[in-house]
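Structure data follow from entry.txt (compact mmCIF, C-alpha atoms):
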# COMPACT_ATOMS: atom_id res chain seq x y z
CA MET Z 1 50.23 -179.38 -71.67
CA ALA Z 2 47.85 -182.28 -71.31
CA LYS Z 3 44.49 -182.40 -69.65
CA VAL Z 4 44.13 -185.13 -67.06
CA SER Z 5 41.09 -186.19 -65.10
CA MET Z 6 40.82 -188.81 -62.42
CA THR Z 7 39.06 -189.52 -59.16
CA VAL Z 8 41.10 -188.80 -56.05
CA ASN Z 9 39.73 -189.94 -52.70
CA GLY Z 10 36.26 -190.16 -54.22
CA LYS Z 11 36.29 -186.68 -55.78
CA ALA Z 12 36.53 -186.01 -59.50
CA VAL Z 13 39.55 -183.81 -60.25
CA THR Z 14 41.04 -182.39 -63.42
CA GLY Z 15 44.26 -180.60 -64.16
CA ASP Z 16 46.46 -179.21 -66.90
CA VAL Z 17 49.84 -180.85 -66.59
CA GLU Z 18 52.97 -181.45 -68.61
CA PRO Z 19 53.05 -185.12 -69.62
CA ARG Z 20 56.22 -185.56 -67.56
CA THR Z 21 54.40 -184.63 -64.34
CA LEU Z 22 54.60 -187.51 -61.89
CA LEU Z 23 51.47 -188.64 -60.11
CA VAL Z 24 53.05 -187.69 -56.78
CA GLN Z 25 53.75 -184.15 -58.08
CA PHE Z 26 50.19 -183.84 -59.30
CA LEU Z 27 48.85 -184.96 -55.92
CA ARG Z 28 51.15 -182.75 -53.86
CA GLU Z 29 51.52 -179.65 -56.01
CA ASN Z 30 48.28 -179.42 -57.97
CA LEU Z 31 45.91 -180.91 -55.43
CA ARG Z 32 47.88 -179.91 -52.31
CA LEU Z 33 47.52 -183.42 -50.93
CA THR Z 34 50.90 -183.42 -49.22
CA GLY Z 35 50.33 -186.55 -47.16
CA THR Z 36 51.95 -188.60 -49.92
CA HIS Z 37 55.70 -188.15 -49.54
CA VAL Z 38 58.71 -188.34 -51.83
CA GLY Z 39 61.61 -190.04 -50.08
CA CYS Z 40 64.05 -191.44 -52.59
CA ASP Z 41 62.43 -190.55 -55.94
CA THR Z 42 63.93 -193.80 -57.33
CA SER Z 43 61.10 -196.28 -56.54
CA GLN Z 44 62.97 -197.82 -53.61
CA CYS Z 45 61.58 -196.34 -50.40
CA GLY Z 46 57.80 -196.51 -50.72
CA ALA Z 47 57.02 -193.18 -49.01
CA CYS Z 48 54.96 -192.30 -52.11
CA VAL Z 49 52.73 -195.39 -52.17
CA VAL Z 50 49.10 -194.69 -53.14
CA HIS Z 51 46.38 -196.94 -54.52
CA ILE Z 52 45.59 -196.79 -58.24
CA ASP Z 53 42.25 -198.47 -58.88
CA GLY Z 54 42.70 -200.22 -55.55
CA VAL Z 55 46.24 -201.48 -56.20
CA ALA Z 56 49.30 -200.16 -54.33
CA ALA Z 57 51.79 -198.37 -56.56
CA LYS Z 58 54.69 -195.97 -56.25
CA SER Z 59 53.41 -192.57 -57.32
CA CYS Z 60 56.97 -191.31 -57.94
CA THR Z 61 57.29 -193.82 -60.78
CA THR Z 62 53.91 -193.20 -62.35
CA LEU Z 63 52.96 -190.32 -64.61
CA ALA Z 64 49.82 -188.38 -63.80
CA VAL Z 65 48.69 -188.86 -67.42
CA GLN Z 66 48.93 -192.65 -66.99
CA CYS Z 67 46.15 -192.35 -64.40
CA GLU Z 68 43.61 -190.75 -66.74
CA GLY Z 69 40.17 -192.03 -65.78
CA GLN Z 70 41.46 -194.02 -62.83
CA SER Z 71 40.64 -193.86 -59.16
CA ILE Z 72 43.39 -192.85 -56.73
CA THR Z 73 43.33 -193.25 -52.97
CA THR Z 74 45.88 -191.39 -50.86
CA ILE Z 75 46.45 -191.36 -47.10
CA GLU Z 76 44.05 -188.38 -46.89
CA GLY Z 77 41.27 -190.59 -48.20
CA LEU Z 78 41.33 -193.14 -45.38
CA ALA Z 79 39.84 -191.41 -42.34
CA SER Z 80 36.09 -190.83 -42.06
CA PRO Z 81 34.82 -187.34 -42.90
CA ASP Z 82 34.23 -186.77 -39.17
CA GLY Z 83 37.95 -187.30 -38.55
CA LYS Z 84 37.73 -190.82 -37.14
CA LEU Z 85 40.90 -192.63 -38.15
CA HIS Z 86 40.89 -195.72 -40.37
CA PRO Z 87 41.55 -198.85 -38.25
CA MET Z 88 45.03 -199.17 -39.81
CA GLN Z 89 45.86 -195.55 -38.97
CA GLU Z 90 44.53 -196.07 -35.46
CA ALA Z 91 46.69 -199.21 -35.10
CA PHE Z 92 49.81 -197.23 -36.08
CA ARG Z 93 48.92 -194.62 -33.42
CA GLU Z 94 48.13 -197.23 -30.80
CA ASN Z 95 51.30 -199.29 -31.41
CA HIS Z 96 53.60 -196.33 -31.89
CA GLY Z 97 54.25 -197.55 -35.43
CA LEU Z 98 56.15 -194.40 -36.35
CA GLN Z 99 59.07 -192.35 -35.19
CA CYS Z 100 59.69 -189.39 -37.50
CA GLY Z 101 56.58 -190.25 -39.50
CA TYR Z 102 58.01 -189.65 -42.94
CA CYS Z 103 57.48 -193.20 -44.21
CA THR Z 104 54.13 -193.65 -42.43
CA PRO Z 105 51.69 -192.70 -45.23
CA GLY Z 106 53.43 -195.15 -47.58
CA MET Z 107 53.59 -197.81 -44.88
CA ILE Z 108 49.86 -197.53 -44.21
CA MET Z 109 48.92 -197.61 -47.90
CA ALA Z 110 51.20 -200.64 -48.37
CA ALA Z 111 49.69 -202.26 -45.25
CA LEU Z 112 46.20 -202.04 -46.72
CA ASP Z 113 47.44 -203.82 -49.85
CA ILE Z 114 48.98 -206.55 -47.66
CA VAL Z 115 45.58 -207.07 -46.01
CA ARG Z 116 43.86 -207.13 -49.40
CA HIS Z 117 46.13 -209.94 -50.59
CA ASN Z 118 46.68 -211.91 -47.40
CA GLY Z 119 43.58 -211.40 -45.28
CA ASN Z 120 43.14 -210.13 -41.74
CA GLU Z 121 45.21 -212.72 -39.88
CA LEU Z 122 48.81 -211.87 -40.74
CA ASP Z 123 51.98 -213.39 -39.36
CA GLU Z 124 55.16 -211.42 -38.81
CA HIS Z 125 57.04 -213.15 -41.63
CA THR Z 126 54.40 -212.26 -44.23
CA ILE Z 127 54.28 -208.65 -43.10
CA ARG Z 128 58.06 -208.23 -43.16
CA GLU Z 129 58.35 -209.87 -46.55
CA GLN Z 130 55.56 -207.75 -48.00
CA LEU Z 131 57.15 -204.56 -46.65
CA ASP Z 132 60.08 -205.14 -49.01
CA GLY Z 133 59.25 -201.95 -50.92
CA ASN Z 134 58.95 -199.64 -47.91
CA ILE Z 135 61.92 -198.25 -46.05
CA CYS Z 136 61.85 -196.65 -42.59
CA ARG Z 137 65.02 -194.65 -42.10
CA CYS Z 138 64.39 -194.56 -38.34
CA THR Z 139 64.47 -198.39 -38.59
CA GLY Z 140 61.28 -198.52 -36.57
CA TYR Z 141 60.13 -201.70 -38.22
CA HIS Z 142 59.29 -203.62 -35.07
CA ASN Z 143 56.32 -201.46 -34.13
CA ILE Z 144 55.31 -201.00 -37.76
CA VAL Z 145 54.97 -204.77 -38.07
CA LYS Z 146 53.00 -204.91 -34.79
CA ALA Z 147 50.76 -202.08 -35.98
CA ILE Z 148 49.99 -203.80 -39.28
CA GLU Z 149 49.17 -207.06 -37.52
CA ALA Z 150 46.80 -205.25 -35.15
CA GLY Z 151 45.36 -203.02 -37.88
CA ALA Z 152 44.59 -205.98 -40.09
CA ARG Z 153 42.67 -207.62 -37.26
CA ALA Z 154 40.81 -204.42 -36.42
CA MET Z 155 39.74 -204.09 -40.07
CA ALA Z 156 37.88 -207.41 -39.83
CA LYS Z 157 35.57 -206.05 -37.14
CA MET X 1 63.03 -185.71 -66.97
CA TYR X 2 62.85 -184.07 -70.39
CA ASN X 3 59.38 -183.43 -71.69
CA PHE X 4 57.64 -185.53 -74.32
CA THR X 5 54.25 -185.95 -75.91
CA PHE X 6 51.97 -188.61 -74.50
CA HIS X 7 49.75 -190.96 -76.48
CA ARG X 8 47.23 -193.55 -75.39
CA PRO X 9 46.24 -195.84 -78.24
CA THR X 10 43.58 -198.52 -77.79
CA THR X 11 44.76 -200.94 -80.50
CA VAL X 12 48.13 -202.42 -81.45
CA ARG X 13 47.71 -200.95 -84.94
CA GLN X 14 47.26 -197.44 -83.53
CA ALA X 15 50.29 -197.92 -81.29
CA ALA X 16 52.41 -199.01 -84.27
CA GLY X 17 51.17 -195.98 -86.25
CA LEU X 18 52.12 -193.64 -83.41
CA LEU X 19 55.59 -195.17 -83.22
CA ALA X 20 56.02 -194.75 -86.99
CA ARG X 21 55.07 -191.06 -86.72
CA ASN X 22 57.39 -190.58 -83.72
CA PRO X 23 60.71 -192.19 -84.63
CA GLU X 24 62.25 -190.90 -81.40
CA GLY X 25 59.31 -192.19 -79.38
CA LYS X 26 59.18 -195.14 -77.02
CA LEU X 27 56.56 -197.57 -75.84
CA LEU X 28 55.48 -197.26 -72.21
CA ALA X 29 54.41 -200.47 -70.46
CA GLY X 30 54.60 -200.47 -66.64
CA GLY X 31 57.19 -197.71 -66.71
CA HIS X 32 59.28 -199.09 -63.88
CA SER X 33 62.47 -199.28 -65.91
CA LEU X 34 61.79 -196.55 -68.46
CA LEU X 35 60.62 -193.75 -66.13
CA PRO X 36 63.64 -194.10 -63.78
CA VAL X 37 66.10 -193.77 -66.70
CA MET X 38 64.10 -190.83 -68.04
CA LYS X 39 64.32 -189.17 -64.62
CA GLN X 40 68.09 -189.54 -64.76
CA ARG X 41 67.96 -188.06 -68.26
CA LEU X 42 69.68 -191.14 -69.63
CA ALA X 43 66.80 -191.45 -72.08
CA GLN X 44 64.85 -188.67 -73.71
CA PRO X 45 62.12 -190.06 -75.94
CA SER X 46 60.20 -187.41 -77.87
CA ALA X 47 56.96 -189.30 -77.30
CA LEU X 48 55.62 -192.01 -75.03
CA VAL X 49 53.07 -194.45 -76.42
CA ASP X 50 51.24 -195.90 -73.41
CA LEU X 51 50.11 -199.48 -74.05
CA SER X 52 47.93 -199.77 -70.93
CA GLN X 53 44.66 -199.18 -72.81
CA VAL X 54 45.43 -201.47 -75.74
CA GLU X 55 42.93 -204.29 -75.87
CA GLY X 56 43.89 -207.94 -75.72
CA MET X 57 47.36 -207.51 -74.25
CA THR X 58 46.78 -208.92 -70.77
CA GLY X 59 46.09 -212.31 -69.28
CA VAL X 60 47.56 -215.78 -68.84
CA GLU X 61 46.05 -218.45 -71.07
CA LEU X 62 46.59 -222.15 -71.61
CA LYS X 63 46.83 -222.88 -75.34
CA GLY X 64 47.51 -226.51 -76.18
CA ARG X 65 50.92 -227.35 -74.80
CA SER X 66 51.87 -223.74 -74.17
CA VAL X 67 51.06 -220.95 -71.79
CA VAL X 68 50.54 -217.61 -73.50
CA ILE X 69 51.02 -214.45 -71.47
CA GLY X 70 49.90 -211.04 -72.74
CA ALA X 71 52.77 -208.55 -72.91
CA MET X 72 51.02 -206.03 -70.62
CA THR X 73 50.32 -208.57 -67.88
CA ARG X 74 51.67 -207.22 -64.61
CA HIS X 75 54.18 -209.28 -62.61
CA ALA X 76 51.71 -209.59 -59.70
CA ASP X 77 49.04 -211.03 -62.02
CA VAL X 78 51.40 -213.58 -63.57
CA ALA X 79 52.55 -214.61 -60.07
CA LYS X 80 49.02 -215.30 -58.88
CA SER X 81 47.74 -217.04 -62.04
CA ASP X 82 46.23 -220.37 -60.96
CA VAL X 83 46.60 -221.95 -64.39
CA LEU X 84 50.29 -221.06 -64.54
CA LYS X 85 50.94 -222.32 -61.00
CA GLU X 86 49.38 -225.61 -62.00
CA VAL X 87 51.03 -226.29 -65.38
CA LEU X 88 54.34 -224.43 -65.10
CA PRO X 89 55.13 -223.58 -61.46
CA GLY X 90 58.78 -222.91 -62.35
CA LEU X 91 57.72 -219.96 -64.47
CA ALA X 92 55.05 -218.84 -61.98
CA SER X 93 57.77 -218.42 -59.35
CA VAL X 94 59.75 -215.93 -61.45
CA PRO X 95 57.66 -212.72 -61.26
CA GLY X 96 57.23 -213.01 -57.47
CA SER X 97 60.98 -212.44 -57.10
CA ILE X 98 61.06 -209.21 -59.11
CA GLY X 99 61.53 -205.90 -57.26
CA ASP X 100 59.02 -205.35 -54.46
CA PRO X 101 55.20 -205.67 -54.20
CA GLN X 102 54.46 -202.20 -55.60
CA VAL X 103 56.88 -202.68 -58.48
CA ARG X 104 55.25 -206.04 -59.26
CA ASN X 105 51.87 -204.28 -59.32
CA ARG X 106 53.03 -202.08 -62.22
CA GLY X 107 55.84 -203.84 -64.08
CA THR X 108 54.96 -206.03 -67.06
CA ILE X 109 56.45 -209.10 -68.74
CA GLY X 110 56.61 -207.39 -72.14
CA GLY X 111 58.41 -204.37 -70.70
CA SER X 112 60.94 -206.54 -68.93
CA ILE X 113 61.71 -208.57 -72.05
CA ALA X 114 61.89 -205.57 -74.38
CA ASN X 115 64.29 -203.80 -72.01
CA ASN X 116 66.51 -206.90 -71.64
CA ASP X 117 68.25 -205.62 -68.56
CA PRO X 118 71.29 -207.88 -68.01
CA ASN X 119 70.10 -208.54 -64.44
CA ALA X 120 66.39 -209.01 -65.17
CA ASP X 121 64.62 -212.30 -64.39
CA TYR X 122 62.22 -212.80 -67.31
CA PRO X 123 64.94 -213.04 -70.00
CA ALA X 124 66.31 -216.10 -68.15
CA ALA X 125 62.84 -217.65 -68.03
CA CYS X 126 62.26 -217.01 -71.76
CA LEU X 127 65.62 -218.43 -72.81
CA GLY X 128 65.45 -221.19 -70.22
CA LEU X 129 62.11 -222.44 -71.53
CA GLY X 130 62.64 -221.72 -75.22
CA ALA X 131 59.77 -219.23 -75.32
CA THR X 132 58.47 -217.56 -78.45
CA ILE X 133 58.10 -213.78 -78.41
CA ILE X 134 55.11 -212.79 -80.52
CA THR X 135 55.13 -209.27 -81.92
CA ASN X 136 52.77 -207.34 -84.18
CA LYS X 137 54.96 -208.47 -87.10
CA ARG X 138 56.33 -211.96 -86.43
CA ARG X 139 57.27 -214.71 -83.98
CA ILE X 140 60.79 -214.64 -82.58
CA ALA X 141 62.44 -217.56 -80.77
CA ALA X 142 63.99 -216.55 -77.45
CA ASP X 143 67.33 -217.90 -78.75
CA ASP X 144 67.26 -215.18 -81.43
CA PHE X 145 65.56 -212.47 -79.40
CA PHE X 146 68.11 -211.48 -76.74
CA THR X 147 71.04 -210.00 -78.62
CA GLY X 148 73.12 -208.45 -75.84
CA MET X 149 72.93 -206.07 -72.92
CA PHE X 150 69.76 -203.94 -73.24
CA SER X 151 69.40 -205.03 -76.85
CA THR X 152 66.96 -207.32 -78.61
CA ALA X 153 65.99 -208.41 -82.10
CA LEU X 154 63.03 -205.98 -82.02
CA GLU X 155 62.98 -203.66 -85.00
CA ASP X 156 61.75 -200.07 -85.06
CA GLY X 157 58.01 -200.00 -84.69
CA GLU X 158 57.82 -203.60 -83.52
CA ILE X 159 55.61 -204.26 -80.49
CA ILE X 160 55.65 -207.37 -78.27
CA VAL X 161 52.04 -208.52 -78.03
CA LYS X 162 52.45 -211.77 -76.13
CA VAL X 163 54.92 -214.41 -75.06
CA SER X 164 54.32 -218.13 -75.51
CA PHE X 165 56.03 -220.57 -73.14
CA PRO X 166 56.08 -224.30 -73.95
CA ILE X 167 55.08 -226.35 -70.92
CA ALA X 168 58.18 -228.15 -69.68
CA LYS X 169 57.71 -231.09 -67.39
CA LYS X 170 60.60 -229.99 -65.24
CA ALA X 171 61.46 -226.34 -64.76
CA ALA X 172 62.74 -224.13 -61.96
CA TYR X 173 64.37 -220.76 -61.30
CA GLU X 174 66.86 -219.91 -58.60
CA LYS X 175 68.26 -216.48 -58.03
CA PHE X 176 70.75 -214.75 -55.81
CA LYS X 177 68.88 -211.55 -55.16
CA HIS X 178 70.73 -208.31 -54.72
CA PRO X 179 69.43 -207.21 -51.32
CA ALA X 180 68.97 -203.55 -52.22
CA SER X 181 67.77 -203.59 -55.82
CA GLY X 182 66.02 -206.97 -55.92
CA PHE X 183 67.68 -207.67 -59.26
CA ALA X 184 69.43 -210.98 -59.87
CA LEU X 185 73.12 -210.82 -59.05
CA VAL X 186 72.93 -214.19 -60.76
CA GLY X 187 69.79 -216.12 -61.72
CA VAL X 188 69.58 -219.55 -63.33
CA PHE X 189 66.56 -221.06 -65.06
CA VAL X 190 66.65 -224.78 -65.89
CA SER X 191 64.14 -226.86 -67.83
CA LYS X 192 63.65 -230.24 -69.45
CA ARG X 193 61.02 -230.82 -72.12
CA GLY X 194 61.60 -234.15 -73.78
CA PRO X 195 65.11 -234.03 -75.26
CA ASP X 196 65.25 -230.22 -75.02
CA ILE X 197 67.36 -229.30 -72.00
CA ARG X 198 68.07 -225.69 -71.16
CA VAL X 199 70.15 -223.83 -68.61
CA ALA X 200 69.83 -220.05 -68.94
CA VAL X 201 71.70 -217.53 -66.84
CA THR X 202 70.92 -213.89 -66.13
CA GLY X 203 72.86 -211.32 -64.11
CA ALA X 204 76.23 -212.94 -64.66
CA GLY X 205 77.15 -212.40 -68.29
CA SER X 206 78.58 -209.09 -69.44
CA ASN X 207 76.59 -209.56 -72.64
CA GLY X 208 73.26 -210.30 -70.98
CA VAL X 209 71.38 -213.58 -70.66
CA PHE X 210 73.09 -216.74 -72.01
CA ARG X 211 72.87 -220.54 -72.06
CA VAL X 212 75.42 -222.84 -70.43
CA LYS X 213 76.08 -225.46 -73.10
CA SER X 214 78.49 -227.50 -70.95
CA PHE X 215 75.78 -227.97 -68.30
CA GLU X 216 73.14 -228.78 -70.92
CA GLU X 217 75.38 -231.46 -72.47
CA ALA X 218 76.07 -233.04 -69.11
CA LEU X 219 72.39 -233.01 -68.19
CA LYS X 220 71.44 -234.99 -71.31
CA LYS X 221 72.56 -238.19 -69.58
CA ARG X 222 70.63 -237.48 -66.45
CA PHE X 223 68.68 -234.35 -65.49
CA SER X 224 70.03 -234.12 -61.96
CA PRO X 225 72.25 -231.77 -59.93
CA LYS X 226 74.81 -234.59 -59.69
CA SER X 227 75.37 -234.49 -63.46
CA ILE X 228 76.99 -231.03 -63.34
CA GLU X 229 79.14 -231.61 -60.28
CA GLY X 230 82.75 -230.77 -61.00
CA ILE X 231 81.97 -228.74 -64.13
CA THR X 232 83.12 -225.16 -63.72
CA VAL X 233 82.00 -222.15 -65.69
CA PRO X 234 84.81 -219.87 -66.89
CA ALA X 235 84.97 -216.41 -65.34
CA SER X 236 85.82 -214.77 -68.64
CA GLY X 237 82.82 -212.92 -70.04
CA MET X 238 81.27 -212.53 -66.60
CA ASN X 239 80.21 -209.14 -65.26
CA SER X 240 82.42 -207.29 -62.84
CA ASP X 241 81.19 -204.52 -60.57
CA ILE X 242 81.25 -203.42 -56.92
CA HIS X 243 78.80 -206.18 -56.04
CA ALA X 244 80.70 -209.22 -57.32
CA THR X 245 83.82 -210.29 -59.20
CA PRO X 246 83.63 -212.38 -62.40
CA GLU X 247 84.97 -215.39 -60.44
CA TYR X 248 82.26 -215.06 -57.81
CA ARG X 249 79.55 -214.80 -60.44
CA ALA X 250 80.93 -217.85 -62.30
CA HIS X 251 80.86 -219.78 -59.04
CA LEU X 252 77.28 -218.69 -58.35
CA VAL X 253 76.18 -219.98 -61.76
CA GLY X 254 77.16 -223.51 -60.72
CA VAL X 255 75.66 -223.23 -57.23
CA LEU X 256 72.36 -221.81 -58.44
CA ALA X 257 72.12 -224.27 -61.34
CA LYS X 258 72.39 -227.13 -58.85
CA ARG X 259 69.76 -225.57 -56.60
CA ALA X 260 67.44 -225.03 -59.55
CA LEU X 261 67.95 -228.64 -60.70
CA THR X 262 67.19 -229.88 -57.19
CA LYS X 263 63.99 -227.83 -57.18
CA ALA X 264 63.01 -228.94 -60.70
CA THR X 265 63.48 -232.62 -59.94
CA ALA X 266 61.93 -232.58 -56.45
Would you encode the structure as structure tokens?
Amino acid sequence: MAKVSMTVNGKAVTGDVEPRTLLVQFLRENLRLTGTHVGCDTSQCGACVVHIDGVAAKSCTTLAVQCEGQSITTIEGLASPDGKLHPMQEAFRENHGLQCGYCTPGMIMAALDIVRHNGNELDEHTIREQLDGNICRCTGYHNIVKAIEAGARAMAK
Amino acid sequence: MYNFTFHRPTTVRQAAGLLARNPEGKLLAGGHSLLPVMKQRLAQPSALVDLSQVEGMTGVELKGRSVVIGAMTRHADVAKSDVLKEVLPGLASVPGSIGDPQVRNRGTIGGSIANNDPNADYPAACLGLGATIITNKRRIAADDFFTGMFSTALEDGEIIVKVSFPIAKKAAYEKFKHPASGFALVGVFVSKRGPDIRVAVTGAGSNGVFRVKSFEEALKKRFSPKSIEGITVPASGMNSDIHATPEYRAHLVGVLAKRALTKATA
């Protein structure tokens, strides 16, 4: 077993894990943060996207021990403590940017990375290209793209 | 995945020491090739030596007439390097075509080269520019480094520290991207630096990345897509799988080489 400590959604956490424990397992099973999903488990689908030190990454292809000392943000870390949704979450709700919802946490975490790199005024082409690593099995991309465009704008306010 | 011990050295020397003490161990860079094969239990290293905390292994630097990239530099960071975009845009365009944004945020140039996946992009860039792979022990020319599918000239305990790319006046990469995996079904890197002309192909060869001597010869007269018109690449030695036949891959080599030459001479 290995001891691992990191910051998750602003809180310091520690755990005893086997080195082979994936970050997504640590989040879901040790910390019970089940908002981060495992879809494909082969780094294709993006349902497991979280931010590691502010950078979007697939938590199914990252070991928990690789994140020693780093700061992780998951979907649970976006809304305000009073329950007010993050503007990107609100935009997904407003634009019906989800059908079954399974891919949504990963989509939203990826969307925030798109805004970080490309700013608040996004065109459809950029969004679609940057969503390369996120798959929606309901094929609900149209409203996801609309939601990200609106969310990015709302974040500028 | 089978279990292993995990180590996090902070210097190259420590990392080499850990590898020496763990002969069945492996280096961990971005982990985006290694962890998936470990999940499938196709690899079972007894130890992982994580290079992420080793000092001096990241960054893109201009050094004389070369660009030197630290082995642990992530694809996303190479892609957005202003200095690289200015002096060697053909190379700067390579990492942006790898995988997807999240993969590019984790994957590293050193990991890609050490793995030498037959469909990976960086091996074509290294061979296509005549790069030098700098390890903790020696300097290896790209021509000697890639020795076949998933195999390299790296010895046990040898660690890639950086890669040095000579600045070619003309250089470009064109790839036919597999729509699902993002890997190159075929990718062609072309460059001209004085009399040194290179055409390197990834994805197509059943023995990994290779140079197309017939194209290089023809391009000596004039570095232009017209120079290779009518020259065909034999299908023998090309990969065959459910995605493409050897003939199709051989055809793509010519098409992509012309596109890359058009881009490089634009």
Exercise. Any idea which chain Z residues end up within 6 Å of chain X if we count only C-alpha atoms, as a list in words please?
Worked result: Arg20, Ala56, Ala57, Asp132 and Gly133 of chain Z
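Here atom CA of Z:Asp53 stands at a distance of 20.3 Å from atom CA of Z:Pro19.
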For this session: Please identify all polymer residues within 9 Å of Z:Leu31, counting only C-alpha atoms, omitting same-chain residues fewer than 5 positions from it, and present them as a list in words.
Result: Val13, Gly15, Gln25 and Phe26 of chain Z
Give me a file of those residues, with C-alpha atoms, as a PDB file, in the frame of the given file.
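Result went into part23.pdb, see below:
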ATOM      1  CA  VAL Z  13      39.550-183.810 -60.250  1.00  0.00           C
ATOM      2  CA  GLY Z  15      44.260-180.600 -64.160  1.00  0.00           C
ATOM      3  CA  GLN Z  25      53.750-184.150 -58.080  1.00  0.00           C
ATOM      4  CA  PHE Z  26      50.190-183.840 -59.300  1.00  0.00           C
TER       5      PHE Z  26
END
Exercise. Any idea what's packed within 9 Å of Z:Lys146, counting only C-alpha atoms, ignoring anything in its chain fewer than 3 positions away? Could you give it as a count of residues only?
Worked result: 11
Problem set entry | Selected residue, from X:Val186, X:Val49, X:Met72, X:Val201, that lies nearest to X:Leu127 when counting only C-alpha atoms |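 Among the listed residues, X:Val201 lies closest to X:Leu127.
Between atom CA of X:Thr245 and atom CA of X:Ala257 lies a distance of 18.4 Å.
Note that atom CA of Z:Ala110 and atom CA of X:Leu88 are 29.3 Å apart.
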For this session: Please determine the residues with any atom at most 12 Å from (46.2, -210.5, -46.6) (coordinates as given in the file, with all atoms listed in the file counting) and report them as an MDAnalysis selection string.
Result: chainID Z and resid 110:124 126:127 130 148:149 151:153 155:156
Problem set entry | For Z:Cys138: contacts at 12 Å, all atoms listed in the file, fewer than 2 positions along chain excluded, given as a PyMOL selection string | chain Z and resi 97-104+135-136+140-144
Any chance you could export the current selection's C-alpha atoms as a CSV table (one decimal), in the frame of the given file?
chain,number,residue,atom,x,y,z
Z,97,GLY,CA,54.2,-197.6,-35.4
Z,98,LEU,CA,56.2,-194.4,-36.4
Z,99,GLN,CA,59.1,-192.4,-35.2
Z,100,CYS,CA,59.7,-189.4,-37.5
Z,101,GLY,CA,56.6,-190.2,-39.5
Z,102,TYR,CA,58.0,-189.6,-42.9
Z,103,CYS,CA,57.5,-193.2,-44.2
Z,104,THR,CA,54.1,-193.6,-42.4
Z,135,ILE,CA,61.9,-198.2,-46.0
Z,136,CYS,CA,61.8,-196.6,-42.6
Z,140,GLY,CA,61.3,-198.5,-36.6
Z,141,TYR,CA,60.1,-201.7,-38.2
Z,142,HIS,CA,59.3,-203.6,-35.1
Z,143,ASN,CA,56.3,-201.5,-34.1
Z,144,ILE,CA,55.3,-201.0,-37.8
For the structure just given, write the atoms of stretch 38-49 of chain Z, namely C-alpha atoms, as an mmCIF file, in the first residue's frame.
data_model
loop_
_atom_site.group_PDB
_atom_site.id
_atom_site.type_symbol
_atom_site.label_atom_id
_atom_site.label_comp_id
_atom_site.auth_asym_id
_atom_site.auth_seq_id
_atom_site.Cartn_x
_atom_site.Cartn_y
_atom_site.Cartn_z
ATOM 1 C CA VAL Z 38 -16.094 5.534 -16.010
ATOM 2 C CA GLY Z 39 -17.469 4.942 -19.485
ATOM 3 C CA CYS Z 40 -14.966 3.072 -21.602
ATOM 4 C CA ASP Z 41 -11.997 2.643 -19.237
ATOM 5 C CA THR Z 42 -9.723 2.911 -22.318
ATOM 6 C CA SER Z 43 -9.159 6.716 -22.438
ATOM 7 C CA GLN Z 44 -11.535 7.197 -25.370
ATOM 8 C CA CYS Z 45 -14.847 8.469 -24.008
ATOM 9 C CA GLY Z 46 -13.981 11.281 -21.607
ATOM 10 C CA ALA Z 47 -16.677 10.530 -18.994
ATOM 11 C CA CYS Z 48 -13.872 10.508 -16.399
ATOM 12 C CA VAL Z 49 -12.375 13.924 -17.187
#
